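**Student:** My structure file entry_7.tsv, TSV, C-alpha atoms, is below:
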```
chain	number	residue	atom	x	y	z
A	1	MET	CA	2.46	30.71	-24.19
A	2	THR	CA	4.06	31.59	-27.56
A	3	ASP	CA	1.56	34.43	-27.99
A	4	GLY	CA	2.74	35.95	-24.74
A	5	LEU	CA	6.48	35.81	-25.39
A	6	ILE	CA	6.36	39.06	-27.35
A	7	LEU	CA	5.37	40.81	-24.11
A	8	TYR	CA	6.85	38.48	-21.49
A	9	VAL	CA	10.41	39.01	-22.78
A	10	PRO	CA	10.45	42.84	-22.43
A	11	GLY	CA	8.65	42.45	-19.11
A	12	SER	CA	11.50	40.22	-17.95
A	13	VAL	CA	14.02	42.86	-19.08
A	14	MET	CA	12.25	45.43	-16.90
A	15	ILE	CA	12.38	43.01	-13.96
A	16	LEU	CA	16.12	42.63	-14.59
A	17	ALA	CA	16.51	46.42	-14.57
A	18	LEU	CA	14.64	46.56	-11.28
A	19	LEU	CA	16.81	43.85	-9.72
A	20	ILE	CA	20.01	45.57	-10.86
A	21	LYS	CA	18.82	48.88	-9.46
A	22	ALA	CA	17.56	47.32	-6.20
A	23	PRO	CA	20.70	48.13	-4.11
A	24	THR	CA	20.66	51.75	-5.28
A	25	LEU	CA	16.94	52.01	-4.65
A	26	ARG	CA	17.32	50.60	-1.16
A	27	ARG	CA	20.04	53.10	-0.27
A	28	GLY	CA	18.26	56.05	-1.86
A	29	TRP	CA	14.62	55.24	-1.13
A	30	ASP	CA	14.20	58.59	0.61
A	31	GLN	CA	14.90	60.33	-2.71
A	32	PRO	CA	11.79	61.06	-4.81
A	33	LEU	CA	13.67	60.39	-8.07
A	34	MET	CA	14.60	56.87	-6.93
A	35	ARG	CA	10.99	56.16	-6.00
A	36	ALA	CA	9.81	57.47	-9.38
A	37	VAL	CA	12.21	55.19	-11.27
A	38	CYS	CA	11.20	52.21	-9.13
A	39	THR	CA	7.50	52.89	-9.72
A	40	LEU	CA	8.03	53.22	-13.46
A	41	LEU	CA	9.84	49.88	-13.67
A	42	VAL	CA	7.34	48.02	-11.46
A	43	VAL	CA	4.32	49.33	-13.35
A	44	GLY	CA	6.04	48.68	-16.69
A	45	CYS	CA	6.59	45.04	-15.69
A	46	LEU	CA	2.93	44.71	-14.73
A	47	VAL	CA	1.79	46.17	-18.05
A	48	MET	CA	3.86	43.71	-20.07
A	49	PHE	CA	2.72	40.63	-18.16
A	50	LEU	CA	-0.93	41.61	-17.76
A	51	ALA	CA	-1.33	42.61	-21.43
A	52	ALA	CA	-0.17	39.24	-22.80
A	53	PRO	CA	-3.11	37.21	-24.26
A	54	PRO	CA	-2.45	34.13	-22.05
A	55	THR	CA	-2.57	36.31	-18.93
A	56	ILE	CA	-5.70	38.11	-20.18
A	57	SER	CA	-7.47	34.79	-20.71
A	58	LYS	CA	-6.46	33.46	-17.31
A	59	VAL	CA	-7.53	36.61	-15.45
A	60	ASN	CA	-10.91	36.63	-17.21
A	61	ARG	CA	-11.41	32.97	-16.33
A	62	LEU	CA	-10.42	33.42	-12.67
A	63	THR	CA	-12.73	36.41	-12.16
A	64	GLY	CA	-15.61	34.96	-14.19
A	65	ILE	CA	-16.11	38.33	-15.91
A	66	ALA	CA	-15.67	38.56	-19.67
A	67	ASN	CA	-13.00	41.16	-20.52
A	68	PHE	CA	-12.20	41.90	-16.87
A	69	SER	CA	-8.57	42.28	-17.98
A	70	ALA	CA	-9.49	45.28	-20.14
A	71	PRO	CA	-9.94	47.84	-17.33
A	72	LEU	CA	-7.13	46.14	-15.39
A	73	VAL	CA	-4.60	46.52	-18.23
A	74	TYR	CA	-5.84	50.00	-19.17
A	75	SER	CA	-5.60	51.13	-15.54
A	76	VAL	CA	-2.05	49.84	-15.13
A	77	LEU	CA	-1.09	51.38	-18.48
A	78	THR	CA	-2.52	54.71	-17.31
A	79	ALA	CA	-0.51	54.40	-14.10
A	80	PHE	CA	2.58	53.79	-16.23
A	81	SER	CA	1.85	56.95	-18.22
A	82	GLY	CA	1.49	58.91	-15.00
A	83	SER	CA	4.79	57.45	-13.76
A	84	CYS	CA	6.46	58.73	-16.93
A	85	ILE	CA	5.19	62.26	-16.20
A	86	VAL	CA	6.35	62.06	-12.57
A	87	LEU	CA	9.79	60.88	-13.68
A	88	VAL	CA	9.93	63.78	-16.16
A	89	LEU	CA	9.11	66.24	-13.37
A	90	HIS	CA	11.89	64.92	-11.13
A	91	TRP	CA	14.44	64.66	-13.91
A	92	GLY	CA	13.62	68.18	-15.05
A	93	GLY	CA	14.47	69.56	-11.61
A	94	GLY	CA	13.28	72.91	-10.33
A	95	PRO	CA	12.19	74.15	-6.90
A	96	PRO	CA	11.36	71.12	-4.70
A	97	ALA	CA	8.05	72.62	-3.59
A	98	GLY	CA	6.97	73.15	-7.19
A	99	VAL	CA	8.00	69.62	-8.17
A	100	ARG	CA	6.02	68.20	-5.24
A	101	ARG	CA	2.91	70.16	-6.23
A	102	ALA	CA	3.20	69.08	-9.86
A	103	THR	CA	3.74	65.47	-8.77
A	104	ARG	CA	0.63	65.51	-6.57
A	105	LEU	CA	-1.40	67.05	-9.39
A	106	THR	CA	-0.16	64.41	-11.85
A	107	VAL	CA	-0.94	61.57	-9.46
A	108	ALA	CA	-4.40	63.01	-8.82
A	109	VAL	CA	-5.19	63.44	-12.53
A	110	PHE	CA	-4.01	60.00	-13.60
A	111	SER	CA	-5.65	58.37	-10.59
A	112	GLY	CA	-8.89	60.07	-11.64
A	113	VAL	CA	-8.45	58.75	-15.19
A	114	THR	CA	-7.88	55.26	-13.78
A	115	LEU	CA	-11.08	55.42	-11.73
A	116	LEU	CA	-12.93	56.75	-14.79
A	117	ILE	CA	-11.71	53.79	-16.86
A	118	VAL	CA	-13.04	51.34	-14.26
A	119	ALA	CA	-16.37	53.19	-14.00
A	120	LEU	CA	-16.84	53.33	-17.78
A	121	PHE	CA	-16.21	49.60	-18.06
A	122	ALA	CA	-18.66	48.91	-15.25
A	123	ILE	CA	-21.53	50.81	-16.91
A	124	GLY	CA	-20.65	49.61	-20.41
A	125	ASP	CA	-21.57	46.28	-21.97
A	126	ALA	CA	-18.77	43.95	-23.14
A	127	PRO	CA	-20.21	40.41	-23.14
A	128	VAL	CA	-17.94	38.93	-25.84
A	129	GLU	CA	-14.41	38.13	-24.68
A	130	ARG	CA	-11.74	39.68	-26.93
A	131	LEU	CA	-8.14	38.78	-26.16
A	132	ARG	CA	-6.39	40.78	-28.90
A	133	ASP	CA	-8.78	43.21	-30.56
A	134	LEU	CA	-10.95	44.67	-27.80
A	135	ASP	CA	-10.00	48.25	-28.80
A	136	THR	CA	-11.44	47.95	-32.28
A	137	TYR	CA	-14.21	45.45	-31.51
A	138	TYR	CA	-15.81	47.80	-28.95
A	139	ALA	CA	-14.65	51.08	-30.56
A	140	ASN	CA	-18.26	52.16	-31.22
A	141	THR	CA	-19.83	50.70	-28.07
A	142	PRO	CA	-21.19	53.37	-25.70
A	143	TRP	CA	-19.05	53.94	-22.59
A	144	LEU	CA	-16.43	51.43	-23.72
A	145	ARG	CA	-15.58	53.85	-26.53
A	146	GLU	CA	-14.89	56.55	-23.95
A	147	MET	CA	-12.85	54.11	-21.85
A	148	ILE	CA	-10.61	53.35	-24.82
A	149	VAL	CA	-10.13	57.05	-25.58
A	150	CYS	CA	-9.20	57.75	-21.93
A	151	TYR	CA	-6.39	55.21	-21.81
A	152	LEU	CA	-5.05	56.15	-25.26
A	153	LEU	CA	-4.95	59.85	-24.37
A	154	ALA	CA	-3.23	59.21	-21.04
A	155	HIS	CA	-0.66	56.94	-22.65
A	156	THR	CA	0.01	59.41	-25.47
A	157	VAL	CA	0.72	62.24	-23.02
A	158	GLY	CA	2.99	60.15	-20.78
A	159	SER	CA	5.01	58.54	-23.58
A	160	THR	CA	5.50	61.83	-25.44
A	161	ALA	CA	6.69	63.62	-22.30
A	162	LEU	CA	9.24	60.92	-21.43
A	163	THR	CA	10.57	60.78	-25.00
A	164	LEU	CA	10.97	64.56	-25.34
A	165	LEU	CA	12.68	64.92	-21.97
A	166	CYS	CA	15.19	62.13	-22.67
A	167	TRP	CA	15.90	63.60	-26.11
A	168	LYS	CA	16.64	67.04	-24.63
A	169	TRP	CA	18.82	65.46	-21.95
A	170	LEU	CA	20.67	63.39	-24.56
A	171	LEU	CA	21.58	66.56	-26.46
A	172	ARG	CA	23.01	68.18	-23.31
A	173	VAL	CA	24.78	65.28	-21.59
A	174	ASN	CA	28.58	65.15	-21.58
A	175	PRO	CA	29.88	62.91	-24.40
A	176	SER	CA	32.28	61.26	-21.94
A	177	LEU	CA	29.32	59.74	-20.05
A	178	ARG	CA	28.87	57.01	-22.64
A	179	PRO	CA	26.72	54.60	-20.55
A	180	LEU	CA	24.28	57.40	-19.73
A	181	ARG	CA	24.15	58.58	-23.35
A	182	THR	CA	23.53	55.03	-24.54
A	183	GLY	CA	20.77	54.54	-21.98
A	184	LEU	CA	19.07	57.79	-22.93
A	185	ALA	CA	19.33	56.92	-26.63
A	186	LEU	CA	17.67	53.56	-25.96
A	187	ILE	CA	14.85	55.21	-24.00
A	188	VAL	CA	14.32	57.72	-26.83
A	189	LEU	CA	14.25	54.87	-29.35
A	190	GLY	CA	11.76	53.07	-27.12
A	191	GLY	CA	9.63	56.21	-26.96
A	192	VAL	CA	9.63	56.51	-30.75
A	193	LEU	CA	8.56	52.87	-31.05
A	194	ASP	CA	5.85	53.47	-28.46
A	195	LEU	CA	4.59	56.41	-30.47
A	196	GLY	CA	4.41	54.00	-33.40
A	197	TYR	CA	2.26	51.75	-31.25
A	198	LEU	CA	-0.01	54.68	-30.40
A	199	VAL	CA	-0.30	55.77	-34.04
A	200	THR	CA	-1.43	52.30	-35.10
A	201	LYS	CA	-3.92	52.12	-32.22
A	202	TRP	CA	-5.40	55.56	-32.93
A	203	ALA	CA	-5.55	54.79	-36.65
A	204	ALA	CA	-7.38	51.49	-36.13
A	205	VAL	CA	-9.86	52.95	-33.64
A	206	GLY	CA	-10.40	56.06	-35.79
A	207	ALA	CA	-11.04	53.86	-38.82
A	208	ARG	CA	-13.76	52.06	-36.88
A	209	TRP	CA	-15.37	55.42	-36.06
A	210	ALA	CA	-15.28	56.28	-39.77
A	211	GLY	CA	-16.85	52.97	-40.76
A	212	HIS	CA	-13.68	51.32	-42.06
A	213	ASP	CA	-11.90	48.14	-40.99
A	214	TRP	CA	-8.24	48.69	-40.15
A	215	ASP	CA	-8.31	46.23	-37.26
A	216	GLY	CA	-5.13	44.54	-38.43
A	217	LEU	CA	-3.14	47.60	-37.37
A	218	SER	CA	-4.28	47.20	-33.77
A	219	THR	CA	-4.22	43.41	-33.68
A	220	TYR	CA	-1.00	42.57	-35.52
A	221	VAL	CA	1.09	45.72	-35.98
A	222	ALA	CA	0.73	47.46	-32.60
A	223	PRO	CA	1.88	44.57	-30.31
A	224	PRO	CA	5.38	44.27	-31.85
A	225	PHE	CA	5.76	48.05	-31.48
A	226	ALA	CA	4.79	47.81	-27.81
A	227	SER	CA	7.14	44.89	-27.20
A	228	ALA	CA	10.11	46.55	-28.89
A	229	ALA	CA	9.40	49.83	-27.07
A	230	ALA	CA	9.34	48.12	-23.67
A	231	LEU	CA	12.54	46.24	-24.50
A	232	MET	CA	14.34	49.47	-25.43
A	233	VAL	CA	13.09	51.39	-22.38
A	234	GLY	CA	14.03	48.55	-20.02
A	235	SER	CA	17.47	48.29	-21.62
A	236	GLY	CA	17.80	52.07	-21.38
A	237	PHE	CA	17.52	51.85	-17.61
A	238	ILE	CA	19.92	48.88	-17.42
A	239	VAL	CA	22.81	50.26	-19.49
A	240	PRO	CA	23.68	53.28	-17.26
A	241	LEU	CA	23.46	51.07	-14.17
A	242	VAL	CA	25.74	48.37	-15.55
A	243	GLY	CA	27.96	50.73	-17.56
A	244	GLY	CA	28.53	52.98	-14.57
A	245	SER	CA	29.40	50.13	-12.20
A	246	ALA	CA	32.91	49.47	-10.94
A	247	ALA	CA	32.94	46.01	-12.54
A	248	TRP	CA	32.08	47.46	-15.95
A	249	ARG	CA	34.74	50.18	-15.64
A	250	ASP	CA	37.32	47.52	-14.75
A	251	PHE	CA	36.23	45.40	-17.70
A	252	SER	CA	36.49	48.41	-20.06
A	253	ARG	CA	40.02	49.19	-18.89
A	254	TYR	CA	40.94	45.49	-19.09
A	255	ARG	CA	39.73	45.33	-22.69
A	256	ARG	CA	41.45	48.58	-23.74
A	257	LEU	CA	44.79	47.39	-22.34
A	258	HIS	CA	44.80	44.24	-24.51
A	259	PRO	CA	47.06	45.63	-27.29
A	260	LEU	CA	49.79	46.57	-24.79
A	261	TRP	CA	49.45	43.33	-22.85
A	262	LYS	CA	49.69	41.27	-26.03
A	263	ALA	CA	52.83	43.13	-27.17
A	264	LEU	CA	54.63	43.16	-23.79
A	265	ARG	CA	53.72	39.87	-22.12
A	266	GLY	CA	56.65	38.11	-23.78
A	267	PHE	CA	59.11	40.57	-22.22
A	268	ALA	CA	57.62	40.56	-18.71
A	269	ALA	CA	59.38	38.80	-15.86
A	270	SER	CA	58.40	35.19	-15.34
A	271	SER	CA	57.35	35.92	-11.79
A	272	VAL	CA	54.47	37.96	-13.19
A	273	THR	CA	53.49	36.05	-16.29
A	274	THR	CA	53.26	32.71	-14.49
A	275	VAL	CA	50.80	33.93	-11.84
A	276	PRO	CA	47.87	31.55	-12.34
A	277	LEU	CA	44.42	32.97	-13.07
A	278	THR	CA	41.39	30.72	-12.89
A	279	TRP	CA	38.47	31.23	-15.25
A	280	TRP	CA	36.36	32.49	-12.35
A	281	SER	CA	38.89	35.12	-11.25
A	282	PRO	CA	37.12	38.50	-10.72
A	283	ILE	CA	37.63	41.13	-13.39
A	284	GLY	CA	39.34	43.38	-10.84
A	285	ILE	CA	42.03	40.75	-10.23
A	286	ARG	CA	42.43	40.22	-13.97
A	287	LEU	CA	42.88	43.98	-14.46
A	288	ILE	CA	45.59	44.16	-11.79
A	289	HIS	CA	47.34	41.19	-13.36
A	290	ARG	CA	47.23	42.72	-16.83
A	291	GLU	CA	48.56	46.08	-15.56
A	292	SER	CA	51.37	44.25	-13.72
A	293	VAL	CA	52.38	42.40	-16.87
A	294	ILE	CA	52.42	45.66	-18.84
A	295	ASP	CA	54.46	47.51	-16.19
A	296	ASP	CA	56.91	44.64	-15.97
A	297	GLY	CA	57.24	44.53	-19.76
A	298	ILE	CA	57.91	48.28	-19.91
A	299	LEU	CA	60.64	47.94	-17.25
A	300	ALA	CA	62.17	45.02	-19.14
A	301	LEU	CA	62.38	47.16	-22.30
A	302	GLY	CA	63.82	50.21	-20.50
A	303	ARG	CA	67.34	49.93	-21.96
A	304	TRP	CA	65.88	49.59	-25.48
A	305	PHE	CA	64.07	52.94	-25.41
A	306	ASP	CA	65.49	55.43	-27.91
A	307	PRO	CA	64.78	59.11	-27.11
A	308	THR	CA	65.54	59.98	-30.72
A	309	VAL	CA	62.58	57.87	-31.90
A	310	ARG	CA	60.41	59.51	-29.28
A	311	GLY	CA	61.42	63.03	-30.29
A	312	THR	CA	60.90	62.37	-33.98
A	313	ALA	CA	57.49	60.79	-33.36
A	314	TYR	CA	56.51	63.71	-31.13
A	315	GLU	CA	57.30	66.22	-33.88
A	316	ALA	CA	55.44	64.11	-36.44
A	317	ALA	CA	52.37	63.96	-34.18
A	318	LEU	CA	52.42	67.72	-33.70
A	319	GLY	CA	52.68	68.09	-37.46
A	320	GLN	CA	49.46	66.10	-37.81
A	321	GLY	CA	47.65	68.66	-35.66
A	322	LEU	CA	47.57	66.76	-32.36
A	323	CYS	CA	47.81	68.70	-29.12
A	324	GLU	CA	50.91	68.37	-26.94
A	325	SER	CA	49.42	65.82	-24.54
A	326	GLN	CA	48.16	63.58	-27.36
A	327	ALA	CA	51.45	63.95	-29.25
A	328	SER	CA	53.31	62.91	-26.08
A	329	VAL	CA	51.24	59.72	-25.83
A	330	VAL	CA	51.83	58.93	-29.51
A	331	ALA	CA	55.58	59.53	-29.04
A	332	ASP	CA	55.73	57.18	-26.04
A	333	ALA	CA	53.80	54.53	-27.95
A	334	ALA	CA	56.16	54.88	-30.93
A	335	MET	CA	59.23	54.60	-28.71
A	336	LEU	CA	57.73	51.50	-27.09
A	337	ALA	CA	56.94	49.95	-30.49
A	338	ALA	CA	60.51	50.58	-31.64
A	339	ALA	CA	61.86	49.03	-28.43
A	340	CYS	CA	59.73	45.93	-28.98
A	341	ARG	CA	61.04	45.64	-32.53
A	342	ARG	CA	64.69	46.04	-31.50
A	343	ARG	CA	64.32	43.61	-28.58
A	344	GLU	CA	62.73	40.99	-30.85
A	345	ALA	CA	65.57	41.41	-33.34
A	346	ALA	CA	68.10	40.99	-30.56
A	347	ASP	CA	66.35	37.86	-29.31
A	348	LEU	CA	66.50	36.42	-32.80
A	349	ALA	CA	70.25	37.07	-32.78
A	350	ASP	CA	70.64	34.70	-29.81
A	351	GLY	CA	70.11	37.44	-27.26
A	352	VAL	CA	73.01	39.61	-28.47
A	353	GLY	CA	71.34	43.01	-28.81
A	354	GLU	CA	72.59	46.51	-29.21
A	355	GLU	CA	72.46	48.96	-26.35
A	356	ALA	CA	69.93	51.74	-26.85
A	357	ALA	CA	71.18	55.30	-26.93
A	358	GLY	CA	69.03	56.18	-23.98
A	359	ALA	CA	69.70	53.26	-21.70
A	360	ASP	CA	68.50	55.08	-18.64
A	361	GLU	CA	65.53	56.68	-20.35
A	362	GLY	CA	62.10	55.32	-19.42
A	363	LEU	CA	58.52	56.15	-19.88
A	364	PRO	CA	57.13	58.85	-17.53
A	365	ASP	CA	55.91	57.52	-14.18
A	366	PRO	CA	52.15	58.00	-14.92
A	367	TYR	CA	52.34	55.38	-17.67
A	368	ARG	CA	53.63	52.88	-15.16
A	369	LEU	CA	51.23	53.62	-12.35
A	370	ASP	CA	47.90	54.91	-13.70
A	371	SER	CA	45.64	52.66	-15.75
A	372	ARG	CA	43.96	55.57	-17.52
A	373	PRO	CA	47.19	56.82	-19.20
A	374	LEU	CA	48.00	53.17	-19.85
A	375	ALA	CA	44.68	52.89	-21.69
A	376	ALA	CA	45.56	55.98	-23.76
A	377	LEU	CA	48.97	54.49	-24.51
A	378	ALA	CA	47.32	51.22	-25.56
A	379	ARG	CA	44.92	53.09	-27.85
A	380	GLU	CA	47.67	54.94	-29.68
A	381	PHE	CA	49.83	51.80	-29.74
A	382	ARG	CA	47.04	50.09	-31.66
A	383	THR	CA	45.59	52.88	-33.85
A	384	SER	CA	48.23	55.57	-34.50
A	385	PRO	CA	49.64	55.56	-38.06
A	386	ILE	CA	52.90	56.98	-36.69
A	387	VAL	CA	53.26	54.00	-34.36
A	388	ALA	CA	52.35	51.64	-37.20
A	389	ALA	CA	55.12	53.14	-39.32
A	390	VAL	CA	57.66	52.71	-36.50
A	391	ARG	CA	56.50	49.15	-35.91
A	392	ARG	CA	57.21	48.34	-39.58
A	393	ASP	CA	60.57	50.12	-39.61
A	394	PRO	CA	62.03	52.02	-36.62
A	395	ALA	CA	63.96	54.24	-39.08
A	396	ALA	CA	60.80	55.15	-41.02
A	397	LEU	CA	60.45	58.53	-39.33
```
Kindly transcribe the structure held in the file into structure tokens.

**Tutor:**
Amino acid sequence: MTDGLILYVPGSVMILALLIKAPTLRRGWDQPLMRAVCTLLVVGCLVMFLAAPPTISKVNRLTGIANFSAPLVYSVLTAFSGSCIVLVLHWGGGPPAGVRRATRLTVAVFSGVTLLIVALFAIGDAPVERLRDLDTYYANTPWLREMIVCYLLAHTVGSTALTLLCWKWLLRVNPSLRPLRTGLALIVLGGVLDLGYLVTKWAAVGARWAGHDWDGLSTYVAPPFASAAALMVGSGFIVPLVGGSAAWRDFSRYRRLHPLWKALRGFAASSVTTVPLTWWSPIGIRLIHRESVIDDGILALGRWFDPTVRGTAYEAALGQGLCESQASVVADAAMLAAACRRREAADLADGVGEEAAGADEGLPDPYRLDSRPLAALAREFRTSPIVAAVRRDPAAL
């Protein structure tokens, strides 16, 4: 079983990707792109599980045919390569009629290669069972040699096409779509690793043709490449699905608001801070609670806001080359940091604090109501050097 873990683990990751995508696939099954993604993941899972040595041995034993797994694995791998091409065609877009024709042609070609692999194995002679080195062991055997070349060529074409497409897409995609960019980067990395697998396979088989023994490349070096490639590709499909989900967006906002929550929770009204949260509370509830604590803390500090601090910080931010909207966020964060400092000093003086010059001044409404500006405020509150200077000494500016 240990021998198979190197392939069973990435196969399990692909199954996880398929399960995560299942609701989307069910709703969008009428869309060719959804079907192409589903096919790619299903076939990828089959490749990983069928290519593991324990599975190869069991299939050979159940069928009673030595090396029966060879055409089975090569056929599924060829189907995977064809699925990559089909996915490339749908991702690339274009006239629907042209995409359909290209898809049918791809399916026909790779189906023909699959049938050819089975036929070549049937007329060839492979009496000695090889669980890990069949490619090199039978590299010079008539018909089996051609079978090996067929699957390697098909896999090279499919993997190269998927890698190049994802690389081009990665260069064009909007930087703000971070989950998608991360997923594409993982698929590209997986494609590069898969090309490493193919290079070692071609090198080992070519060495056999030239009368040399480089079997170790195929037997020991190629499998880790294949495992790592499958793990990256499977993860590449998972990340955009999880990262683009509502739960993940809520978690991201929840995490980004931590600096503000930590600074303001001591000033928030007790009616908010004492609301109990169990460890199993959904992330959406936790986000609402954190935003409520922050809003309540901002209201509690309202009479400590000093417009002079805000104006000075705003000018300093503009002087650092920030645009007006960014400078405004930095200025609000600086004013809030100064208010926290003054309120803490007043609390230390037994609650006798000085009235702020702008007692009725408050932060603009969007910072109270919208979590996205709150996240920007939290970012500047944590990272801005201007805010850090104000936090150390409100008169520093």

**Student:** List every protein, DNA or RNA residue with an atom no more than 8 Å from (1.2, 48.7, -16.0) in the file's coordinates, counting all atoms listed in the file, and format the result as an MDAnalysis selection string.

**Tutor:** chainID A and resid 42:48 50 73:80

**Student:** Please compute the atom CA of A:Ile288-atom CA of A:Ala375 distance, one decimal, in Å.

**Tutor:** 13.2 Å

**Student:** Rounded to one decimal place, report the atom CA of A:Asp133-atom CA of A:Asp215 distance in Å.

**Tutor:**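 If I compute the distance from atom CA of A:Asp133 to atom CA of A:Asp215, I get 7.4 Å.
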
**Student:** Identify, on the basis of only C-alpha atoms, every residue whose closest approach to A:Ser81 does not exceed 8 Å; exclude the query and any residue fewer than 3 positions from it along the same chain; express the result as a PyMOL selection string.

**Tutor:** chain A and resi 77-78+84-85+154-159

**Student:** Hey, what's within 9 Å of A:Val329 if we count only C-alpha atoms and toss same-chain stuff fewer than 3 positions away? As a list in words, please?

**Tutor:** Tyr314, Glu324, Ser325, Gln326, Asp332, Ala333, Ala334, Pro373, Ala376, Leu377, Glu380 and Phe381 of chain A

**Student:** Select, from A:Leu144, A:Ala119, A:Glu291, A:Ala210, the residue with the minimum atom-to-atom distance to A:Arg255, counting only C-alpha atoms.

**Tutor:**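 Of A:Leu144, A:Ala119, A:Glu291, A:Ala210, the one nearest A:Arg255 is A:Glu291, counting only C-alpha atoms.
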
**Student:** Quick one, how far is atom CA of A:Arg208 from atom CA of A:Ser57?

**Tutor:** 24.5 Å

**Student:** Is it possible to get the residues within 6 Å of (13.7, 49.9, -15.3) (coordinates as in the file, counting all atoms listed in the file) written as a VMD selection string?

**Tutor:** chain A and resid 14 17 to 18 41 234 237

**Student:** Could you name the residues that touch A:Lys201 at 6 Å or less, counting only C-alpha atoms, but leaving out those on the same chain fewer than 3 positions away, as a PyMOL selection string?

**Tutor:** chain A and resi 198+204+218

**Student:** Could you pull the residues within 12 Å of A:Arg101, counting all atoms listed in the file, minus those fewer than 5 positions along the same chain, as number ranges by chain?

**Tutor:** A: 86, 89-90, 94-96, 106-108

**Student:** Could you save those same residues with C-alpha atoms as a tab-separated table (two decimals), in the frame of the given file?

**Tutor:**
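Once everything was written out, this is again_35.tsv:
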```
chain	number	residue	atom	x	y	z
A	86	VAL	CA	6.35	62.06	-12.57
A	89	LEU	CA	9.11	66.24	-13.37
A	90	HIS	CA	11.89	64.92	-11.13
A	94	GLY	CA	13.28	72.91	-10.33
A	95	PRO	CA	12.19	74.15	-6.90
A	96	PRO	CA	11.36	71.12	-4.70
A	106	THR	CA	-0.16	64.41	-11.85
A	107	VAL	CA	-0.94	61.57	-9.46
A	108	ALA	CA	-4.40	63.01	-8.82
```

**Student:** Looking at only C-alpha atoms, which of A:His289, A:Trp91, A:Ile294, A:Ala228 is the one that sits closest to A:Lys262?

**Tutor:** A:Ile294

**Student:** Here is a test: counting only C-alpha atoms, which residue of A:Thr39, A:Thr63, A:Ser69, A:Ser235 is nearest to A:Leu16?

**Tutor:** A:Ser235

**Student:** Identify, on the basis of all atoms listed in the file, every residue whose closest approach to A:Pro259 does not exceed 7 Å; exclude the query and any residue fewer than 3 positions from it along the same chain; express the result as an MDAnalysis selection string.

**Tutor:** chainID A and resid 262:263 378 382

**Student:** Take the residues from that selection and write them out as a compact mmCIF listing (two decimals), in the frame of the given file, keeping C-alpha atoms.

**Tutor:**
```
# COMPACT_ATOMS: atom_id res chain seq x y z
CA LYS A 262 49.69 41.27 -26.03
CA ALA A 263 52.83 43.13 -27.17
CA ALA A 378 47.32 51.22 -25.56
CA ARG A 382 47.04 50.09 -31.66
```

**Student:** Using all atoms listed in the file for the distances, tell me which of A:Ala203, A:Val173, A:Leu165, A:Ile117 is nearest to A:Cys150.

**Tutor:**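 Closest candidate: A:Ile117.
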
**Student:** Which of these, A:Val37, A:Asp393, A:Gly311, A:Leu318, has the shortest distance to A:Ala338 once you count only C-alpha atoms?

**Tutor:**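 When distances to A:Ala338 are compared using only C-alpha atoms, the smallest one comes from A:Asp393.
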
**Student:** From the set A:Arg253, A:Val9, A:Leu62, A:Ile386, which residue has the shortest atom-to-atom contact distance to A:Gly319, counting only C-alpha atoms?

**Tutor:** A:Ile386
